[in-house]
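Heads up, run-v9.txt below (compact mmCIF, C-alpha atoms and all ligand atoms):
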# COMPACT_ATOMS: atom_id res chain seq x y z
CA MET U 529 0.00 0.00 0.00
CA TYR U 530 1.25 3.49 -0.59
CA PRO U 531 -0.27 6.90 0.02
CA LEU U 532 -1.67 7.83 -3.37
CA LEU U 533 -1.28 11.50 -2.78
CA SER U 534 0.91 13.69 -0.63
CA LYS U 535 2.26 12.36 2.66
CA GLU U 536 -0.46 14.13 4.63
CA SER U 537 -3.19 12.57 2.52
CA ASN U 538 -5.49 9.96 3.97
CA VAL U 539 -6.20 8.29 0.63
CA PHE U 540 -4.45 5.02 -0.26
CA ILE U 541 -4.67 2.85 -3.36
CA VAL U 542 -4.31 -0.56 -1.74
CA GLU U 543 -2.42 -3.44 -3.30
CA ASP U 544 -3.44 -6.17 -0.86
CA LEU U 545 -6.80 -5.19 0.58
CA LYS U 546 -6.86 -7.83 3.34
CA LYS U 547 -3.34 -6.97 4.53
CA ASP U 548 -3.90 -3.23 4.25
CA ILE U 549 -7.17 -3.33 6.18
CA GLU U 550 -5.52 -5.40 8.89
CA TYR U 551 -2.75 -2.76 9.02
CA PHE U 552 -5.22 0.00 9.65
CA ILE U 553 -7.30 -1.94 12.13
CA ASN U 554 -4.24 -3.04 14.09
CA ASN U 555 -2.45 0.32 13.97
CA PHE U 556 -5.22 2.64 14.99
CA GLN U 557 -6.12 3.11 18.60
CA HIS U 558 -9.61 1.65 18.75
CA ASP U 559 -11.33 -0.95 20.81
CA LYS U 560 -14.21 -2.20 18.69
CA VAL U 561 -14.82 -2.24 14.93
CA PHE U 562 -18.25 -1.79 13.35
CA LEU U 563 -19.28 -2.05 9.71
CA LEU U 564 -21.87 -0.17 7.66
CA SER U 565 -22.68 -1.36 4.15
CA ASP U 566 -25.64 -1.46 1.81
CA GLU U 567 -27.23 -4.70 0.64
CA THR U 568 -25.55 -4.96 -2.75
CA ALA U 569 -22.11 -3.82 -1.65
CA TYR U 570 -22.27 -6.19 1.32
CA GLU U 571 -23.20 -9.12 -0.90
CA LEU U 572 -20.59 -8.44 -3.59
CA CYS U 573 -17.73 -6.78 -1.72
CA TYR U 574 -17.78 -7.91 1.92
CA PRO U 575 -16.52 -11.43 1.05
CA LYS U 576 -13.26 -9.78 -0.14
CA ILE U 577 -12.63 -8.22 3.29
CA LYS U 578 -14.38 -10.69 5.61
CA ASP U 579 -11.19 -12.46 6.69
CA ALA U 580 -9.56 -9.14 7.55
CA ILE U 581 -12.31 -7.77 9.73
CA GLY U 582 -14.47 -10.87 10.34
CA LEU U 583 -17.19 -9.02 12.17
CA SER U 584 -19.97 -10.64 14.11
CA ALA U 585 -23.47 -9.80 12.98
CA ASP U 586 -24.01 -7.60 16.06
CA ARG U 587 -21.27 -5.26 14.83
CA THR U 588 -22.70 -4.88 11.33
CA VAL U 589 -25.54 -2.78 9.95
CA ILE U 590 -26.73 -3.25 6.39
CA ILE U 591 -29.10 -0.73 4.88
CA PRO U 592 -31.11 -1.05 1.69
CA SER U 593 -29.32 0.26 -1.44
CA GLY U 594 -30.29 3.49 -3.18
CA ASP U 595 -30.00 7.22 -2.54
CA HIS U 596 -33.52 7.44 -1.19
CA ASN U 597 -32.17 5.50 1.82
CA LYS U 598 -29.60 8.20 2.64
CA GLY U 599 -31.90 9.63 5.28
CA ILE U 600 -32.75 9.88 8.97
CA GLU U 601 -34.17 6.35 9.19
CA SER U 602 -30.94 4.70 7.98
CA LEU U 603 -28.94 7.13 10.11
CA SER U 604 -30.75 6.08 13.27
CA LYS U 605 -30.06 2.42 12.38
CA VAL U 606 -26.32 3.15 12.45
CA TRP U 607 -26.58 5.09 15.72
CA HIS U 608 -28.61 2.21 17.16
CA LEU U 609 -25.92 -0.34 16.16
CA LEU U 610 -23.17 1.76 17.71
CA SER U 611 -25.09 2.55 20.87
CA HIS U 612 -26.38 -0.95 21.55
CA GLY U 613 -23.19 -2.59 20.29
CA GLY U 614 -21.16 -0.98 23.05
CA ALA U 615 -19.26 1.49 20.87
CA ASP U 616 -17.32 4.17 22.72
CA ARG U 617 -15.18 7.14 21.71
CA LYS U 618 -12.33 4.75 20.73
CA SER U 619 -14.44 2.60 18.41
CA LEU U 620 -14.05 2.53 14.62
CA LEU U 621 -16.76 2.49 11.93
CA ILE U 622 -15.86 1.10 8.52
CA THR U 623 -18.08 2.09 5.60
CA LEU U 624 -18.12 -0.37 2.70
CA GLY U 625 -20.05 0.79 -0.35
CA GLY U 626 -20.68 3.70 -2.65
CA GLY U 627 -21.22 7.34 -1.90
CA MET U 628 -24.47 6.68 -0.11
CA PRO U 629 -22.95 4.61 2.76
CA CYS U 630 -19.85 6.85 2.73
CA ASP U 631 -21.93 10.00 3.32
CA LEU U 632 -24.33 8.35 5.76
CA GLY U 633 -21.69 6.43 7.70
CA GLY U 634 -19.31 9.35 7.88
CA PHE U 635 -22.08 11.50 9.33
CA ALA U 636 -23.20 8.79 11.77
CA ALA U 637 -19.61 8.33 13.00
CA SER U 638 -19.01 12.08 13.21
CA THR U 639 -22.06 12.61 15.42
CA PHE U 640 -22.06 9.46 17.59
CA LYS U 641 -20.80 10.48 21.06
CA ARG U 642 -19.63 13.69 19.33
CA GLY U 643 -17.43 11.72 16.96
CA ILE U 644 -15.65 8.39 16.47
CA GLN U 645 -13.15 7.47 13.77
CA PHE U 646 -14.30 6.06 10.44
CA ILE U 647 -12.58 4.47 7.45
CA ASN U 648 -14.12 4.52 3.96
CA ILE U 649 -13.73 1.55 1.62
CA PRO U 650 -15.47 2.88 -1.51
CA THR U 651 -16.81 0.29 -3.92
CA THR U 652 -18.29 2.39 -6.74
CA LEU U 653 -16.42 4.51 -9.28
CA LEU U 654 -18.23 7.63 -8.05
CA ALA U 655 -17.26 6.95 -4.45
CA GLN U 656 -13.65 6.12 -5.35
CA VAL U 657 -13.06 9.36 -7.31
CA ASP U 658 -15.25 11.64 -5.23
CA ALA U 659 -17.61 10.69 -2.41
CA SER U 660 -15.16 8.87 -0.13
CA ILE U 661 -12.68 11.75 -0.22
CA GLY U 662 -12.74 15.23 1.28
CA GLY U 663 -14.82 14.91 4.41
CA LYS U 664 -18.28 15.98 3.19
CA THR U 665 -20.69 13.73 5.09
CA GLY U 666 -24.45 13.89 5.52
CA ILE U 667 -27.94 12.86 4.55
CA ASN U 668 -30.80 14.05 2.39
CA PHE U 669 -33.58 15.72 4.39
CA GLU U 670 -37.14 16.64 3.46
CA GLY U 671 -36.40 16.36 -0.26
CA PHE U 672 -33.20 18.41 -0.26
CA LYS U 673 -29.86 16.82 -1.16
CA ASN U 674 -27.28 16.64 1.63
CA GLU U 675 -29.34 19.13 3.65
CA VAL U 676 -27.90 17.89 6.96
CA GLY U 677 -24.26 16.88 7.57
CA VAL U 678 -20.77 17.85 8.72
CA PHE U 679 -17.29 18.25 7.29
CA ASN U 680 -15.14 15.53 8.87
CA GLN U 681 -12.28 13.64 7.26
CA ALA U 682 -12.14 9.84 7.30
CA THR U 683 -9.13 8.40 9.14
CA ALA U 684 -8.29 6.59 5.92
CA VAL U 685 -9.78 5.97 2.48
CA LEU U 686 -8.77 2.61 1.02
CA ILE U 687 -9.16 2.43 -2.75
CA GLU U 688 -9.46 -1.04 -4.25
CA THR U 689 -10.36 -0.67 -7.93
CA SER U 690 -11.10 -4.39 -8.35
CA PHE U 691 -14.44 -3.72 -6.63
CA LEU U 692 -15.43 -1.99 -9.90
CA ASP U 693 -15.45 -5.36 -11.68
CA THR U 694 -18.98 -6.03 -10.40
CA LEU U 695 -20.30 -2.49 -10.84
CA ASP U 696 -23.05 -2.19 -13.44
CA GLY U 697 -22.58 -0.02 -16.53
CA GLU U 698 -25.00 2.71 -15.39
CA ASN U 699 -23.08 3.24 -12.16
CA ILE U 700 -19.74 3.17 -13.97
CA ILE U 701 -21.10 5.92 -16.23
CA SER U 702 -22.48 7.79 -13.20
CA GLY U 703 -19.02 7.90 -11.62
CA PHE U 704 -17.52 9.06 -14.92
CA ALA U 705 -19.57 12.26 -14.65
CA GLU U 706 -17.60 13.36 -11.59
CA MET U 707 -14.36 12.49 -13.40
CA LEU U 708 -15.48 14.71 -16.30
CA LYS U 709 -16.32 17.42 -13.77
CA HIS U 710 -12.80 17.16 -12.38
CA ALA U 711 -11.47 17.53 -15.94
CA PHE U 712 -13.59 20.63 -16.68
CA ILE U 713 -12.42 22.43 -13.54
CA TYR U 714 -8.80 21.34 -13.98
CA SER U 715 -7.44 21.42 -17.54
CA ALA U 716 -8.25 21.22 -21.23
CA ASP U 717 -5.71 18.38 -21.53
CA LYS U 718 -7.62 16.27 -18.99
CA TRP U 719 -10.88 16.98 -20.87
CA GLU U 720 -9.27 15.91 -24.15
CA GLN U 721 -8.06 12.68 -22.51
CA LEU U 722 -11.47 11.79 -21.05
CA LYS U 723 -13.27 12.89 -24.24
CA ASN U 724 -11.43 10.08 -26.02
CA TYR U 725 -12.08 7.47 -23.32
CA ASP U 726 -14.96 5.11 -24.06
CA ILE U 727 -16.65 4.69 -20.67
CA LYS U 728 -19.27 2.41 -22.25
CA SER U 729 -16.61 -0.23 -22.96
CA PRO U 730 -14.07 0.67 -20.27
CA ASP U 731 -10.40 -0.30 -20.47
CA TYR U 732 -10.13 -1.17 -16.77
CA LYS U 733 -6.32 -0.95 -16.68
CA LEU U 734 -6.44 2.63 -17.96
CA LEU U 735 -9.46 3.36 -15.74
CA LYS U 736 -7.32 2.66 -12.64
CA GLU U 737 -4.89 5.40 -13.77
CA LEU U 738 -7.76 7.77 -14.54
CA VAL U 739 -9.20 7.10 -11.07
CA ALA U 740 -5.88 8.06 -9.50
CA ASP U 741 -5.74 11.30 -11.55
CA SER U 742 -9.29 12.18 -10.58
CA ILE U 743 -8.57 11.61 -6.90
CA ARG U 744 -5.50 13.86 -7.13
CA ILE U 745 -7.61 16.64 -8.67
CA LYS U 746 -10.25 16.39 -5.95
CA ASP U 747 -7.63 16.23 -3.22
CA HIS U 748 -5.93 19.36 -4.64
CA PHE U 749 -9.09 21.42 -4.12
CA VAL U 750 -9.90 19.86 -0.74
CA GLN U 751 -6.40 20.45 0.64
CA ASN U 752 -6.64 24.13 -0.39
CA ASP U 753 -10.07 24.76 1.11
CA PRO U 754 -11.25 21.87 3.34
CA LEU U 755 -14.42 23.65 4.54
CA GLU U 756 -15.55 24.97 1.14
CA ASN U 757 -15.22 28.66 2.01
CA HIS U 758 -13.96 29.44 -1.51
CA ILE U 759 -12.09 27.42 -4.14
CA ARG U 760 -13.50 24.07 -3.06
CA LYS U 761 -16.78 25.31 -4.59
CA ALA U 762 -15.15 24.34 -7.88
CA LEU U 763 -15.93 20.71 -7.01
CA ASN U 764 -19.59 21.72 -7.01
CA PHE U 765 -19.63 22.65 -10.71
CA GLY U 766 -22.80 21.22 -12.23
CA HIS U 767 -24.38 20.62 -8.83
CA THR U 768 -26.65 23.64 -8.40
CA PHE U 769 -28.75 22.51 -11.37
CA GLY U 770 -27.72 18.86 -10.80
CA HIS U 771 -29.03 18.58 -7.24
CA ALA U 772 -32.26 20.32 -8.31
CA PHE U 773 -32.72 17.72 -11.07
CA GLU U 774 -31.88 14.91 -8.62
CA SER U 775 -34.40 16.17 -6.03
CA LEU U 776 -37.14 16.76 -8.65
CA ALA U 777 -36.60 13.27 -10.07
CA MET U 778 -36.76 11.69 -6.62
CA HIS U 779 -39.89 13.73 -5.79
CA GLU U 780 -41.55 12.51 -9.00
CA ASN U 781 -40.53 8.90 -8.30
CA ARG U 782 -38.28 8.73 -11.36
CA PRO U 783 -34.89 8.81 -9.56
CA VAL U 784 -31.75 9.61 -11.55
CA LEU U 785 -28.27 8.54 -10.44
CA HIS U 786 -26.21 11.37 -8.94
CA GLY U 787 -23.63 11.41 -11.73
CA TYR U 788 -26.31 11.61 -14.41
CA ALA U 789 -27.91 14.58 -12.61
CA VAL U 790 -24.50 16.27 -12.42
CA ALA U 791 -23.94 15.72 -16.13
CA PHE U 792 -27.31 17.34 -16.93
CA GLY U 793 -26.40 20.14 -14.53
CA MET U 794 -23.00 20.73 -16.13
CA ILE U 795 -24.68 21.35 -19.52
CA CYS U 796 -26.89 24.03 -17.93
CA GLU U 797 -23.99 25.60 -16.02
CA LEU U 798 -21.86 25.65 -19.16
CA TYR U 799 -24.69 27.58 -20.87
CA LEU U 800 -24.74 30.02 -17.93
CA SER U 801 -20.92 30.18 -18.22
CA HIS U 802 -21.40 31.31 -21.81
CA ILE U 803 -23.94 34.03 -21.09
CA ARG U 804 -22.23 35.29 -17.93
CA LEU U 805 -18.52 34.72 -18.61
CA GLY U 806 -18.21 34.26 -22.37
CA PHE U 807 -17.42 30.54 -22.32
CA PRO U 808 -17.30 29.78 -26.08
CA MET U 809 -20.67 28.57 -27.39
CA PRO U 810 -19.16 26.11 -29.89
CA LEU U 811 -17.41 24.39 -26.95
CA VAL U 812 -20.66 24.42 -24.94
CA MET U 813 -22.33 22.58 -27.82
CA GLU U 814 -19.41 20.15 -28.26
CA ILE U 815 -19.47 19.19 -24.59
CA ALA U 816 -23.30 19.13 -24.42
CA ASN U 817 -23.48 16.72 -27.36
CA HIS U 818 -20.74 14.57 -25.83
CA LEU U 819 -22.54 14.40 -22.47
CA GLU U 820 -25.92 13.72 -24.11
CA ALA U 821 -24.36 10.79 -26.00
CA ILE U 822 -23.10 9.27 -22.72
CA PHE U 823 -25.78 10.23 -20.15
CA GLY U 824 -28.89 10.63 -22.28
CA HIS U 825 -31.41 13.40 -21.63
CA PHE U 826 -33.37 14.41 -18.53
CA GLU U 827 -36.97 15.08 -19.48
CA PHE U 828 -38.76 18.09 -18.00
CA ASP U 829 -40.59 21.15 -19.34
CA LYS U 830 -41.41 24.80 -18.59
CA ALA U 831 -43.90 23.72 -15.94
CA HIS U 832 -40.94 22.48 -13.84
CA PHE U 833 -38.82 25.65 -14.09
CA GLU U 834 -40.17 27.36 -10.96
CA GLU U 835 -39.84 24.20 -8.82
CA LEU U 836 -36.29 23.67 -10.04
CA TYR U 837 -35.43 27.30 -9.26
CA GLN U 838 -36.85 27.00 -5.73
CA LEU U 839 -34.78 23.84 -5.17
CA MET U 840 -31.66 25.82 -6.21
CA THR U 841 -32.39 28.42 -3.50
CA HIS U 842 -31.48 25.67 -0.96
CA ASP U 843 -28.02 25.16 -2.39
CA LYS U 844 -25.32 25.31 0.31
CA LYS U 845 -23.02 27.57 -1.77
CA ASN U 846 -25.64 30.33 -1.54
CA GLU U 847 -25.16 33.43 0.63
CA SER U 848 -27.58 36.22 1.64
CA ASN U 849 -30.41 34.65 -0.38
CA GLN U 850 -28.33 34.81 -3.55
CA ILE U 851 -27.82 31.63 -5.60
CA ASN U 852 -24.06 31.24 -6.09
CA PHE U 853 -23.09 29.25 -9.16
CA THR U 854 -19.66 27.82 -9.91
CA LEU U 855 -19.08 28.67 -13.57
CA LEU U 856 -16.22 28.51 -16.06
CA GLU U 857 -14.60 31.26 -18.13
CA ALA U 858 -12.79 28.47 -19.94
CA ILE U 859 -11.97 24.84 -19.17
CA GLY U 860 -9.81 24.95 -16.05
CA LYS U 861 -10.68 28.64 -15.44
CA ILE U 862 -13.14 28.66 -12.53
CA GLN U 863 -15.29 31.49 -11.25
CA ILE U 864 -17.00 30.75 -7.93
CA ASN U 865 -19.93 32.69 -6.43
CA CYS U 866 -21.27 33.73 -9.84
CA GLN U 867 -24.79 35.12 -9.79
CA ALA U 868 -27.42 34.94 -12.50
CA THR U 869 -30.90 36.42 -12.85
CA LYS U 870 -33.89 34.14 -12.55
CA ASP U 871 -34.54 34.76 -16.26
CA GLU U 872 -31.00 33.58 -17.09
CA VAL U 873 -31.56 30.42 -15.02
CA PHE U 874 -34.81 29.84 -16.90
CA ASP U 875 -32.94 30.48 -20.20
CA ALA U 876 -30.43 27.78 -19.22
CA LEU U 877 -33.26 25.35 -18.47
CA HIS U 878 -34.91 26.27 -21.79
CA PHE U 879 -31.57 25.72 -23.60
CA TYR U 880 -31.28 22.27 -22.01
CA THR U 881 -34.83 21.21 -22.92
CA ASN U 882 -34.12 22.05 -26.58
CA ILE U 883 -30.80 20.27 -27.11
CA SER U 884 -31.96 16.68 -27.35
N1 LIG T 901 -19.42 13.43 0.06
C1 LIG T 901 -19.06 13.74 -1.18
O1 LIG T 901 -18.07 14.46 -1.42
C2 LIG T 901 -19.86 13.17 -2.32
C3 LIG T 901 -19.35 13.28 -3.62
C4 LIG T 901 -20.12 12.76 -4.68
C5 LIG T 901 -21.32 12.13 -4.43
N2 LIG T 901 -21.76 12.03 -3.13
C6 LIG T 901 -23.01 11.30 -2.83
O2 LIG T 901 -22.78 9.93 -3.18
C7 LIG T 901 -24.03 9.33 -3.57
C8 LIG T 901 -23.84 8.66 -4.92
O3 LIG T 901 -22.84 7.66 -4.74
P1 LIG T 901 -22.87 6.31 -5.63
O4 LIG T 901 -23.07 6.70 -7.04
O5 LIG T 901 -21.71 5.52 -5.25
O6 LIG T 901 -24.25 5.64 -5.16
P2 LIG T 901 -24.58 4.40 -4.22
O7 LIG T 901 -23.75 4.41 -2.98
O8 LIG T 901 -26.05 4.45 -4.05
O9 LIG T 901 -24.16 3.11 -5.11
C9 LIG T 901 -24.81 2.91 -6.36
C10 LIG T 901 -25.33 1.47 -6.46
O10 LIG T 901 -24.21 0.58 -6.64
C11 LIG T 901 -24.31 -0.52 -5.71
N3 LIG T 901 -22.92 -0.97 -5.49
C12 LIG T 901 -22.01 -0.43 -4.66
N4 LIG T 901 -20.80 -1.02 -4.84
C13 LIG T 901 -20.98 -1.96 -5.82
C14 LIG T 901 -20.12 -2.88 -6.46
N5 LIG T 901 -18.80 -2.94 -6.17
N6 LIG T 901 -20.65 -3.70 -7.41
C15 LIG T 901 -21.96 -3.62 -7.74
N7 LIG T 901 -22.83 -2.76 -7.18
C16 LIG T 901 -22.33 -1.93 -6.23
C17 LIG T 901 -25.03 0.06 -4.52
O11 LIG T 901 -25.62 -0.93 -3.74
C18 LIG T 901 -26.06 0.96 -5.22
O12 LIG T 901 -27.17 0.19 -5.61
C19 LIG T 901 -25.05 10.46 -3.61
O13 LIG T 901 -25.79 10.47 -2.41
C20 LIG T 901 -24.19 11.73 -3.66
O14 LIG T 901 -24.87 12.84 -3.07
C21 LIG T 901 -21.06 12.53 -2.08
O1 LIG T 902 -16.41 17.51 -2.38
C1 LIG T 902 -17.07 18.52 -2.75
O2 LIG T 902 -16.90 19.67 -2.30
C2 LIG T 902 -18.14 18.35 -3.75
O3 LIG T 902 -18.90 19.28 -4.04
C3 LIG T 902 -18.26 17.01 -4.38
C4 LIG T 902 -19.61 16.75 -5.07
O4 LIG T 902 -19.38 15.91 -6.20
C5 LIG T 902 -20.59 16.01 -4.16
O5 LIG T 902 -21.75 15.64 -4.86
C6 LIG T 902 -20.96 16.74 -2.88
O6 LIG T 902 -21.66 15.89 -2.01
C7 LIG T 902 -21.89 17.90 -3.17
O7 LIG T 902 -21.77 18.74 -2.08
P1 LIG T 902 -22.99 19.65 -1.56
O8 LIG T 902 -22.27 20.53 -0.57
O9 LIG T 902 -23.52 20.37 -2.76
O10 LIG T 902 -24.01 18.76 -0.95
ZN ZN T 903 -21.33 15.14 -6.92
Can you present the structure in this file as structure tokens?
Amino acid sequence: MYPLLSKESNVFIVEDLKKDIEYFINNFQHDKVFLLSDETAYELCYPKIKDAIGLSADRTVIIPSGDHNKGIESLSKVWHLLSHGGADRKSLLITLGGGMPCDLGGFAASTFKRGIQFINIPTTLLAQVDASIGGKTGINFEGFKNEVGVFNQATAVLIETSFLDTLDGENIISGFAEMLKHAFIYSADKWEQLKNYDIKSPDYKLLKELVADSIRIKDHFVQNDPLENHIRKALNFGHTFGHAFESLAMHENRPVLHGYAVAFGMICELYLSHIRLGFPMPLVMEIANHLEAIFGHFEFDKAHFEELYQLMTHDKKNESNQINFTLLEAIGKIQINCQATKDEVFDALHFYTNIS
């Protein structure tokens, strides 16, 4: 195992998962180990780590899969396990799964007895390149994405890309959206590289390198602004519209995967980047067509515009009742806290509805 990033980083691409987990469990001051996973990740991934952490059933909580389960009910199940399982301030929670258990488990650990240590073992592409890293934890609440949570770094993030072998194509594509986001906020070269990568028939050897690059990009922004007071808002590109789409879809019982919602959101925020910052329209169209070809189209119409706008007013980047967008002057040239009129937001939604 070797630290993937700088020496102070907590992210490790493991080479021998069993040995590396045992290292962490044996070298961290803790008395009891608990595990949180979701049903699918537990079924497909736990067998790979069982020998290392062989937990009894009374130290394990398994929640149903799916983002709609990232809520207060699942959260109280984790608190219940820890409380009735005899966890104390020196206990350790391991999350095994995608971004949903990472966010939920990180928040449960950060709030149980005012905080116990947790280790993330991400098992989806989206969690490996994004959700498991950077310390954003939390749950959805009353229809709003990540409405409740804390910033708190995992003790360690153990990346084992072989978990991706069982991940379905839709979720591979979903994770690719966050990798594309990292490219757009980082450099034109990275965009060119990912533009030519066929995520629908992935070359897994190359994907492992691309995962490492994506993690480095995220870690760069997190290290510079851990609590998202400024430049870390770059990592939220595509999310003001994206979270609104995700919440609307969940509300209408037609859920979309997070990465897909972010891809739809990036098209809208590139359009806003054009009208507010002069991002070249031909490049907006090139990227929009590329994203449509990979992620498809999110169907909505003018009747949804007001609801989508109201959802955006809950975005956590906002200040003094102003919606703050993260936009781009050019690829790799970020402008945070950009404002737009309601009409311009509606224009961006109208642009999106007409591109398919
Ligand atoms: N905290 C952050 O910085 C951050 C960043 C990005 C996204 N997120 C959050 O992460 C969530 C999305 O994460 P996700 O896309 O990983 O979703 P997810 O955790 O719901 O996982 C997607 C699906 O894949 C299944 N799965 C997990 N591992 C698998 C494997 N190895 N093989 C087969 N199936 C597997 C899960 O059971 C689930 O059905 C959203 O809630 C989003 O808000 C958080
Ligand atoms: O790490 C960050 O910062 C991000 O914004 C990463 C996003 O991809 C992720 O979806 C995050 O959970 C969104 O944050 P939120 O503050 O908008 O809930
Ligand atoms: Zn995201």
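For the set U:Ile727, U:Cys866, U:Ile667, U:Ile661, the residue with the smallest atom-to-atom gap to Thr768 of chain U is U:Cys866, counting all atoms listed in the file.
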### Shell of 12 Å around Glu550 of chain U, only C-alpha atoms, local chain residues under 3 positions omitted, as a PyMOL selection string
chain U and resi 529+542+544-547+553-556+561+577-582+686
### Task
Return as a PyMOL selection string every polymer residue, whether protein, DNA or RNA, with at least one atom no more than 9 Å from an atom of ligand ZN 903 (chain T); count all atoms listed in the file.
chain U and resi 654+658-659+703+705-706+709+763-767+770-771+786-787+789-790
### Query
Neighbours of ligand LIG 901 (chain T) within 7 Å, counting all atoms listed in the file, as a ChimeraX atom specification?
/U:566-569,572-573,593-595,598,625-629,631,651-655,658-665,673-674,691-696,699,702-703,785-787
I need the chosen residues saved as a JSON list (two decimals), keeping the file's coordinate frame, with C-alpha atoms.
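Wrote it out as result-v2.json, contents follow:
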[["chain", "number", "residue", "atom", "x", "y", "z"],
["U", 566, "ASP", "CA", -25.64, -1.46, 1.81],
["U", 567, "GLU", "CA", -27.23, -4.70, 0.64],
["U", 568, "THR", "CA", -25.55, -4.96, -2.75],
["U", 569, "ALA", "CA", -22.11, -3.82, -1.65],
["U", 572, "LEU", "CA", -20.59, -8.44, -3.59],
["U", 573, "CYS", "CA", -17.73, -6.78, -1.72],
["U", 593, "SER", "CA", -29.32, 0.26, -1.44],
["U", 594, "GLY", "CA", -30.29, 3.49, -3.18],
["U", 595, "ASP", "CA", -30.00, 7.22, -2.54],
["U", 598, "LYS", "CA", -29.60, 8.20, 2.64],
["U", 625, "GLY", "CA", -20.05, 0.79, -0.35],
["U", 626, "GLY", "CA", -20.68, 3.70, -2.65],
["U", 627, "GLY", "CA", -21.22, 7.34, -1.90],
["U", 628, "MET", "CA", -24.47, 6.68, -0.11],
["U", 629, "PRO", "CA", -22.95, 4.61, 2.76],
["U", 631, "ASP", "CA", -21.93, 10.00, 3.32],
["U", 651, "THR", "CA", -16.81, 0.29, -3.92],
["U", 652, "THR", "CA", -18.29, 2.39, -6.74],
["U", 653, "LEU", "CA", -16.42, 4.51, -9.28],
["U", 654, "LEU", "CA", -18.23, 7.63, -8.05],
["U", 655, "ALA", "CA", -17.26, 6.95, -4.45],
["U", 658, "ASP", "CA", -15.25, 11.64, -5.23],
["U", 659, "ALA", "CA", -17.61, 10.69, -2.41],
["U", 660, "SER", "CA", -15.16, 8.87, -0.13],
["U", 661, "ILE", "CA", -12.68, 11.75, -0.22],
["U", 662, "GLY", "CA", -12.74, 15.23, 1.28],
["U", 663, "GLY", "CA", -14.82, 14.91, 4.41],
["U", 664, "LYS", "CA", -18.28, 15.98, 3.19],
["U", 665, "THR", "CA", -20.69, 13.73, 5.09],
["U", 673, "LYS", "CA", -29.86, 16.82, -1.16],
["U", 674, "ASN", "CA", -27.28, 16.64, 1.63],
["U", 691, "PHE", "CA", -14.44, -3.72, -6.63],
["U", 692, "LEU", "CA", -15.43, -1.99, -9.90],
["U", 693, "ASP", "CA", -15.45, -5.36, -11.68],
["U", 694, "THR", "CA", -18.98, -6.03, -10.40],
["U", 695, "LEU", "CA", -20.30, -2.49, -10.84],
["U", 696, "ASP", "CA", -23.05, -2.19, -13.44],
["U", 699, "ASN", "CA", -23.08, 3.24, -12.16],
["U", 702, "SER", "CA", -22.48, 7.79, -13.20],
["U", 703, "GLY", "CA", -19.02, 7.90, -11.62],
["U", 785, "LEU", "CA", -28.27, 8.54, -10.44],
["U", 786, "HIS", "CA", -26.21, 11.37, -8.94],
["U", 787, "GLY", "CA", -23.63, 11.41, -11.73]]
### Task
Would you please work out which residue, of U:Phe853, U:Tyr725, U:Trp607, U:Phe833, is nearest to ligand LIG 902 (chain T) when using all atoms listed in the file?
U:Phe853
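Considering the residues U:Phe646, U:Phe704, U:Phe874, U:Phe828 and counting only C-alpha atoms, Leu563 of chain U has its shortest atom-to-atom contact with U:Phe646.
The nearest approach to ligand LIG 902 (chain T) among the residues U:Asn781, U:Asn849, U:Thr623, U:Ser742, with all atoms listed in the file taken into account, belongs to U:Ser742.
The residue that comes closest to Asp747 of chain U, out of U:Ser619, U:Asn724, U:Gln656, U:Asn846 and on the basis of all atoms listed in the file, is U:Gln656.
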Output as AutoDock Vina command-line options the centre and edge lengths (Å, one decimal) of the box along x, y and z of the file that holds every listed atom of ligand LIG 902 (chain T) after adding 5 Å on each side.
--center_x -20.2 --center_y 18.1 --center_z -3.4 --size_x 17.6 --size_y 14.9 --size_z 15.6
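Counting from atom CA of Pro783 of chain U, the distance to atom C5 of ligand LIG 902 (chain T) is 16.9 Å.
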### Query
In Å to one decimal, how far is atom CA of Lys746 of chain U from atom CA of Ile803 of chain U?
27.0 Å
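The gap separating atom CA of Glu675 of chain U from atom CA of Arg804 of chain U is 27.9 Å, in Å to one decimal.
Restricting the calculation to only C-alpha atoms, the smallest distance between Phe640 of chain U and any of U:Lys723, U:His818, U:His832, U:Lys605 is found for U:Lys605.
Proximity to Arg642 of chain U at 12 Å, evaluated using only C-alpha atoms and with sequence-adjacent residues fewer than 2 positions away removed, yields Trp607, Asp616, Arg617, Lys618, Phe635, Ala636, Ala637, Ser638, Thr639, Phe640, Ile644, Gln645, Val678 and Asn680 of chain U.
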Write out as a compact mmCIF listing (two decimals) with C-alpha atoms, in the coordinates of the input which residues come within 10 Å of Ile859 of chain U when counting all atoms listed in the file, dropping same-chain ones fewer than 3 positions away.
# COMPACT_ATOMS: atom_id res chain seq x y z
CA ALA U 711 -11.47 17.53 -15.94
CA PHE U 712 -13.59 20.63 -16.68
CA ILE U 713 -12.42 22.43 -13.54
CA TYR U 714 -8.80 21.34 -13.98
CA SER U 715 -7.44 21.42 -17.54
CA ALA U 716 -8.25 21.22 -21.23
CA ASP U 717 -5.71 18.38 -21.53
CA LYS U 718 -7.62 16.27 -18.99
CA TRP U 719 -10.88 16.98 -20.87
CA LEU U 798 -21.86 25.65 -19.16
CA PHE U 807 -17.42 30.54 -22.32
CA LEU U 811 -17.41 24.39 -26.95
CA LEU U 855 -19.08 28.67 -13.57
CA LEU U 856 -16.22 28.51 -16.06
CA ILE U 862 -13.14 28.66 -12.53
